[in-house]
Amino acid sequence: MPERIQCEFYLLRYVPDAVKNEFVNIGVMLREAGRAETTRVKLTRDWSRVRCVDPDADTSLLEAMEGELAERVRDGGTGRQPVMTMLEESLSTSVQMSEVRGTLAESVPVEMEQLLRLYVEPLREKVSRKKSGRASIVGSMRSEFERAGVWELMRKRIAASAYTRAGDPLKIDCGYRPGLISSPGGVIRMFQAVSLDGDLEAAKVLSYSAARLREGVQRVENGALDLAAVVEPLRSVAAEDGEAADRYRFGVETMEEAQIRVLTVADLGRVAETAKRELRV
């Protein structure tokens, strides 16, 4: 039996009311004991328990927090106090950290998943409703990019306003620049989950924004934008429904006319492997 690794971890908690001191565990920060460079941060993908204690919770901010925390941890802020300072100064006063706890791990990635299941993820009933729509696509995107080892290297929730104009509320799910991050020119890849199951508003909004995004990326990043929409496969939303199939094709054609590359979740494995090569992982 291989020797286990001594690790330490913190739980990240959402605390909507500091007076009541009620909280929900939302993530884990884990590292090998005494080795700050091995630190990993991962948050839940299911915000249902957070919404139960705080219906007005800004889950977009919480989702974005994972990437910012991971980046800051890689820059050297790995102790409890430095991370607490990050949370208080720039992330969210509603997020707190537990005291450090010890654990013996087979490996850091395996232990991270076990700790998330044990402390963070909600208990599932034997029969659970299948997650669908945009949430399902986003989950598939993240899973494939994580499997390829590139998720932490990607930008998340990219504000379109940085490229279009102030006030633009659109945020692109994730993206990256191939090769050296600091190198000018080249291509910038961005990916947006778009559900074509029912309402096509998201497809039309992305199509409307594509030209301005492309111009803005050229101006700001000195690079060409490769914008991809990730959608469900036709069979999962249309089946034998002719109207649903027509809406689906309309959504795909609308985005393609705006020079948006349309992918399905079945393409994500290949896309993630391309990202792995281009980011030199």
# chains A, B, ... in the order shown; residues from 1 in each chain; ligands from 1

$ residues_around --residues "segment 138-142 of chain A" --least-positions-apart "4" --cutoff "10 Å" --atoms "only C-alpha atoms" --output "ChimeraX atom specification"
/A:45-46,131-134,146-148,150-152,173-174,191-195,230-231,265-269,271-272

$ residues_around --residues "Gly198 of chain A" --least-positions-apart "3" --cutoff "10 Å" --atoms "only C-alpha atoms" --output "PyMOL selection string"
chain A and resi 133+195+201+237-238+243-244+247-248

$ select_by_dssp --residues "segment 45-252 of chain A" --states "strand (DSSP E)" --output "count of residues only"
34

$ select_by_dssp --residues "segment 149-262 of chain A" --states "alpha helix (DSSP H)" --output "PyMOL selection string"
chain A and resi 201-221+234-237+242-257

$ write_last_selection --atoms "N, CA and C atoms" --output "CSV table (one decimal), in the first residue's frame"
chain,number,residue,atom,x,y,z
A,201,GLU,N,-33.1,33.6,-26.3
A,201,GLU,CA,-32.6,34.9,-26.0
A,201,GLU,C,-31.1,34.9,-25.9
A,202,ALA,N,-30.5,33.9,-25.2
A,202,ALA,CA,-29.0,33.9,-25.0
A,202,ALA,C,-28.3,33.8,-26.3
A,203,ALA,N,-28.8,33.0,-27.2
A,203,ALA,CA,-28.2,32.9,-28.5
A,203,ALA,C,-28.2,34.2,-29.3
A,204,LYS,N,-29.3,34.9,-29.2
A,204,LYS,CA,-29.5,36.2,-29.9
A,204,LYS,C,-28.6,37.3,-29.3
A,205,VAL,N,-28.5,37.3,-27.9
A,205,VAL,CA,-27.6,38.3,-27.2
A,205,VAL,C,-26.2,38.1,-27.6
A,206,LEU,N,-25.7,36.8,-27.6
A,206,LEU,CA,-24.3,36.5,-28.0
A,206,LEU,C,-24.1,36.9,-29.4
A,207,SER,N,-25.0,36.6,-30.3
A,207,SER,CA,-24.8,37.0,-31.7
A,207,SER,C,-24.8,38.5,-31.9
A,208,TYR,N,-25.6,39.2,-31.2
A,208,TYR,CA,-25.6,40.7,-31.2
A,208,TYR,C,-24.3,41.3,-30.8
A,209,SER,N,-23.7,40.6,-29.7
A,209,SER,CA,-22.5,41.1,-29.1
A,209,SER,C,-21.2,40.7,-29.9
A,210,ALA,N,-21.3,39.7,-30.7
A,210,ALA,CA,-20.1,39.1,-31.3
A,210,ALA,C,-19.2,40.1,-32.0
A,211,ALA,N,-19.8,40.9,-32.9
A,211,ALA,CA,-19.0,41.9,-33.7
A,211,ALA,C,-18.2,42.9,-32.8
A,212,ARG,N,-18.9,43.4,-31.8
A,212,ARG,CA,-18.3,44.4,-30.9
A,212,ARG,C,-17.2,43.7,-30.1
A,213,LEU,N,-17.5,42.5,-29.6
A,213,LEU,CA,-16.5,41.8,-28.9
A,213,LEU,C,-15.2,41.5,-29.7
A,214,ARG,N,-15.4,41.2,-31.0
A,214,ARG,CA,-14.3,40.9,-31.9
A,214,ARG,C,-13.5,42.2,-32.1
A,215,GLU,N,-14.1,43.3,-32.3
A,215,GLU,CA,-13.4,44.6,-32.5
A,215,GLU,C,-12.7,45.0,-31.2
A,216,GLY,N,-13.3,44.7,-30.1
A,216,GLY,CA,-12.7,45.1,-28.8
A,216,GLY,C,-11.5,44.3,-28.5
A,217,VAL,N,-11.6,43.0,-28.7
A,217,VAL,CA,-10.4,42.1,-28.5
A,217,VAL,C,-9.3,42.5,-29.4
A,218,GLN,N,-9.5,42.9,-30.6
A,218,GLN,CA,-8.5,43.3,-31.5
A,218,GLN,C,-7.8,44.6,-31.0
A,219,ARG,N,-8.7,45.5,-30.5
A,219,ARG,CA,-8.2,46.8,-30.0
A,219,ARG,C,-7.4,46.6,-28.7
A,220,VAL,N,-8.0,45.9,-27.7
A,220,VAL,CA,-7.4,45.8,-26.4
A,220,VAL,C,-6.3,44.8,-26.3
A,221,GLU,N,-6.5,43.6,-26.9
A,221,GLU,CA,-5.6,42.5,-26.7
A,221,GLU,C,-4.6,42.4,-27.9
A,234,LEU,N,-28.7,18.3,-30.6
A,234,LEU,CA,-30.1,18.4,-31.1
A,234,LEU,C,-31.0,17.4,-30.5
A,235,ARG,N,-30.6,16.2,-30.4
A,235,ARG,CA,-31.5,15.1,-29.9
A,235,ARG,C,-31.9,15.3,-28.5
A,236,SER,N,-31.1,16.0,-27.7
A,236,SER,CA,-31.4,16.1,-26.3
A,236,SER,C,-32.5,17.2,-26.0
A,237,VAL,N,-32.8,18.1,-27.0
A,237,VAL,CA,-33.8,19.1,-26.8
A,237,VAL,C,-35.0,19.0,-27.7
A,242,GLY,N,-40.9,18.8,-33.7
A,242,GLY,CA,-40.5,19.5,-34.9
A,242,GLY,C,-40.3,21.0,-34.6
A,243,GLU,N,-41.1,21.6,-33.8
A,243,GLU,CA,-41.0,23.0,-33.5
A,243,GLU,C,-39.7,23.3,-32.7
A,244,ALA,N,-39.4,22.4,-31.7
A,244,ALA,CA,-38.2,22.5,-31.0
A,244,ALA,C,-36.9,22.4,-31.9
A,245,ALA,N,-37.0,21.5,-32.8
A,245,ALA,CA,-35.9,21.3,-33.8
A,245,ALA,C,-35.7,22.5,-34.6
A,246,ASP,N,-36.8,23.2,-35.0
A,246,ASP,CA,-36.7,24.4,-35.8
A,246,ASP,C,-36.1,25.5,-35.0
A,247,ARG,N,-36.5,25.6,-33.7
A,247,ARG,CA,-35.9,26.7,-32.9
A,247,ARG,C,-34.4,26.4,-32.7
A,248,TYR,N,-34.0,25.2,-32.5
A,248,TYR,CA,-32.6,24.8,-32.3
A,248,TYR,C,-31.8,25.2,-33.5
A,249,ARG,N,-32.3,24.9,-34.7
A,249,ARG,CA,-31.5,25.2,-35.9
A,249,ARG,C,-31.5,26.7,-36.1
A,250,PHE,N,-32.5,27.4,-35.7
A,250,PHE,CA,-32.5,28.8,-35.8
A,250,PHE,C,-31.4,29.4,-35.0
A,251,GLY,N,-31.4,28.9,-33.7
A,251,GLY,CA,-30.3,29.4,-32.8
A,251,GLY,C,-28.9,29.2,-33.3
A,252,VAL,N,-28.7,28.0,-33.8
A,252,VAL,CA,-27.4,27.6,-34.4
A,252,VAL,C,-27.0,28.5,-35.6
A,253,GLU,N,-28.0,28.7,-36.5
A,253,GLU,CA,-27.7,29.5,-37.7
A,253,GLU,C,-27.5,30.9,-37.3
A,254,THR,N,-28.3,31.4,-36.4
A,254,THR,CA,-28.1,32.8,-36.0
A,254,THR,C,-26.7,33.1,-35.4
A,255,MET,N,-26.2,32.2,-34.6
A,255,MET,CA,-24.8,32.4,-34.1
A,255,MET,C,-23.8,32.2,-35.2
A,256,GLU,N,-24.0,31.2,-36.0
A,256,GLU,CA,-23.0,31.0,-37.1
A,256,GLU,C,-22.9,32.2,-38.1
A,257,GLU,N,-24.1,32.8,-38.3
A,257,GLU,CA,-24.1,34.0,-39.2
A,257,GLU,C,-23.3,35.1,-38.5

$ residues_around --residues "segment 64-68 of chain A" --least-positions-apart "5" --cutoff "8 Å" --atoms "only C-alpha atoms" --output "list in words"
Val41, Lys42, Leu43, Leu91, Glu152, Arg155, Lys156 and Arg157 of chain A

$ atom_distance --atom1 "atom CA of Ile260 of chain A" --atom2 "atom CA of Arg189 of chain A"
11.2 Å

$ decode --residues "segment 204-235 of chain A" --atoms "N, CA and C atoms" --output "mmCIF file, in the first residue's frame"
data_model
loop_
_atom_site.group_PDB
_atom_site.id
_atom_site.type_symbol
_atom_site.label_atom_id
_atom_site.label_comp_id
_atom_site.auth_asym_id
_atom_site.auth_seq_id
_atom_site.Cartn_x
_atom_site.Cartn_y
_atom_site.Cartn_z
ATOM 1 N N LYS A 204 -29.334 34.942 -29.198
ATOM 2 C CA LYS A 204 -29.457 36.217 -29.896
ATOM 3 C C LYS A 204 -28.577 37.290 -29.263
ATOM 4 N N VAL A 205 -28.479 37.289 -27.926
ATOM 5 C CA VAL A 205 -27.626 38.265 -27.240
ATOM 6 C C VAL A 205 -26.166 38.059 -27.614
ATOM 7 N N LEU A 206 -25.718 36.804 -27.620
ATOM 8 C CA LEU A 206 -24.332 36.522 -27.966
ATOM 9 C C LEU A 206 -24.055 36.910 -29.424
ATOM 10 N N SER A 207 -25.002 36.630 -30.302
ATOM 11 C CA SER A 207 -24.835 36.982 -31.723
ATOM 12 C C SER A 207 -24.763 38.490 -31.898
ATOM 13 N N TYR A 208 -25.614 39.210 -31.178
ATOM 14 C CA TYR A 208 -25.614 40.678 -31.248
ATOM 15 C C TYR A 208 -24.285 41.252 -30.770
ATOM 16 N N SER A 209 -23.687 40.623 -29.744
ATOM 17 C CA SER A 209 -22.469 41.144 -29.129
ATOM 18 C C SER A 209 -21.194 40.736 -29.857
ATOM 19 N N ALA A 210 -21.263 39.721 -30.710
ATOM 20 C CA ALA A 210 -20.053 39.113 -31.273
ATOM 21 C C ALA A 210 -19.171 40.102 -32.023
ATOM 22 N N ALA A 211 -19.763 40.932 -32.877
ATOM 23 C CA ALA A 211 -18.959 41.853 -33.686
ATOM 24 C C ALA A 211 -18.217 42.854 -32.807
ATOM 25 N N ARG A 212 -18.920 43.417 -31.827
ATOM 26 C CA ARG A 212 -18.265 44.388 -30.934
ATOM 27 C C ARG A 212 -17.198 43.720 -30.076
ATOM 28 N N LEU A 213 -17.471 42.498 -29.633
ATOM 29 C CA LEU A 213 -16.462 41.759 -28.882
ATOM 30 C C LEU A 213 -15.209 41.549 -29.727
ATOM 31 N N ARG A 214 -15.419 41.170 -30.975
ATOM 32 C CA ARG A 214 -14.303 40.895 -31.863
ATOM 33 C C ARG A 214 -13.465 42.163 -32.087
ATOM 34 N N GLU A 215 -14.137 43.284 -32.311
ATOM 35 C CA GLU A 215 -13.432 44.558 -32.502
ATOM 36 C C GLU A 215 -12.682 44.953 -31.231
ATOM 37 N N GLY A 216 -13.342 44.747 -30.074
ATOM 38 C CA GLY A 216 -12.729 45.130 -28.807
ATOM 39 C C GLY A 216 -11.510 44.292 -28.466
ATOM 40 N N VAL A 217 -11.591 42.994 -28.742
ATOM 41 C CA VAL A 217 -10.438 42.119 -28.484
ATOM 42 C C VAL A 217 -9.262 42.520 -29.368
ATOM 43 N N GLN A 218 -9.538 42.877 -30.613
ATOM 44 C CA GLN A 218 -8.465 43.324 -31.503
ATOM 45 C C GLN A 218 -7.825 44.599 -30.969
ATOM 46 N N ARG A 219 -8.668 45.496 -30.472
ATOM 47 C CA ARG A 219 -8.173 46.786 -29.975
ATOM 48 C C ARG A 219 -7.427 46.642 -28.651
ATOM 49 N N VAL A 220 -7.995 45.884 -27.715
ATOM 50 C CA VAL A 220 -7.436 45.795 -26.373
ATOM 51 C C VAL A 220 -6.325 44.761 -26.266
ATOM 52 N N GLU A 221 -6.527 43.599 -26.886
ATOM 53 C CA GLU A 221 -5.583 42.488 -26.746
ATOM 54 C C GLU A 221 -4.629 42.358 -27.936
ATOM 55 N N ASN A 222 -4.896 43.148 -28.993
ATOM 56 C CA ASN A 222 -4.119 43.022 -30.228
ATOM 57 C C ASN A 222 -4.136 41.578 -30.718
ATOM 58 N N GLY A 223 -5.325 40.971 -30.665
ATOM 59 C CA GLY A 223 -5.469 39.584 -31.080
ATOM 60 C C GLY A 223 -6.808 39.345 -31.740
ATOM 61 N N ALA A 224 -6.924 38.226 -32.418
ATOM 62 C CA ALA A 224 -8.170 37.854 -33.082
ATOM 63 C C ALA A 224 -9.005 36.979 -32.143
ATOM 64 N N LEU A 225 -10.283 37.258 -32.061
ATOM 65 C CA LEU A 225 -11.175 36.512 -31.175
ATOM 66 C C LEU A 225 -11.718 35.270 -31.869
ATOM 67 N N ASP A 226 -11.565 34.130 -31.221
ATOM 68 C CA ASP A 226 -12.235 32.895 -31.634
ATOM 69 C C ASP A 226 -13.320 32.641 -30.594
ATOM 70 N N LEU A 227 -14.536 33.027 -30.905
ATOM 71 C CA LEU A 227 -15.663 32.914 -29.971
ATOM 72 C C LEU A 227 -16.460 31.659 -30.285
ATOM 73 N N ALA A 228 -16.626 30.796 -29.279
ATOM 74 C CA ALA A 228 -17.353 29.539 -29.474
ATOM 75 C C ALA A 228 -18.535 29.462 -28.520
ATOM 76 N N ALA A 229 -19.665 29.039 -29.037
ATOM 77 C CA ALA A 229 -20.841 28.753 -28.215
ATOM 78 C C ALA A 229 -20.937 27.243 -28.044
ATOM 79 N N VAL A 230 -21.157 26.810 -26.813
ATOM 80 C CA VAL A 230 -21.296 25.375 -26.540
ATOM 81 C C VAL A 230 -22.766 25.103 -26.259
ATOM 82 N N VAL A 231 -23.378 24.216 -27.020
ATOM 83 C CA VAL A 231 -24.817 23.959 -26.927
ATOM 84 C C VAL A 231 -25.071 22.471 -26.678
ATOM 85 N N GLU A 232 -26.315 22.140 -26.359
ATOM 86 C CA GLU A 232 -26.711 20.739 -26.237
ATOM 87 C C GLU A 232 -26.784 20.114 -27.628
ATOM 88 N N PRO A 233 -26.661 18.800 -27.726
ATOM 89 C CA PRO A 233 -26.919 18.156 -29.021
ATOM 90 C C PRO A 233 -28.401 18.254 -29.357
ATOM 91 N N LEU A 234 -28.701 18.288 -30.626
ATOM 92 C CA LEU A 234 -30.083 18.449 -31.085
ATOM 93 C C LEU A 234 -31.011 17.404 -30.479
ATOM 94 N N ARG A 235 -30.567 16.165 -30.408
ATOM 95 C CA ARG A 235 -31.459 15.092 -29.944
ATOM 96 C C ARG A 235 -31.888 15.271 -28.488
#
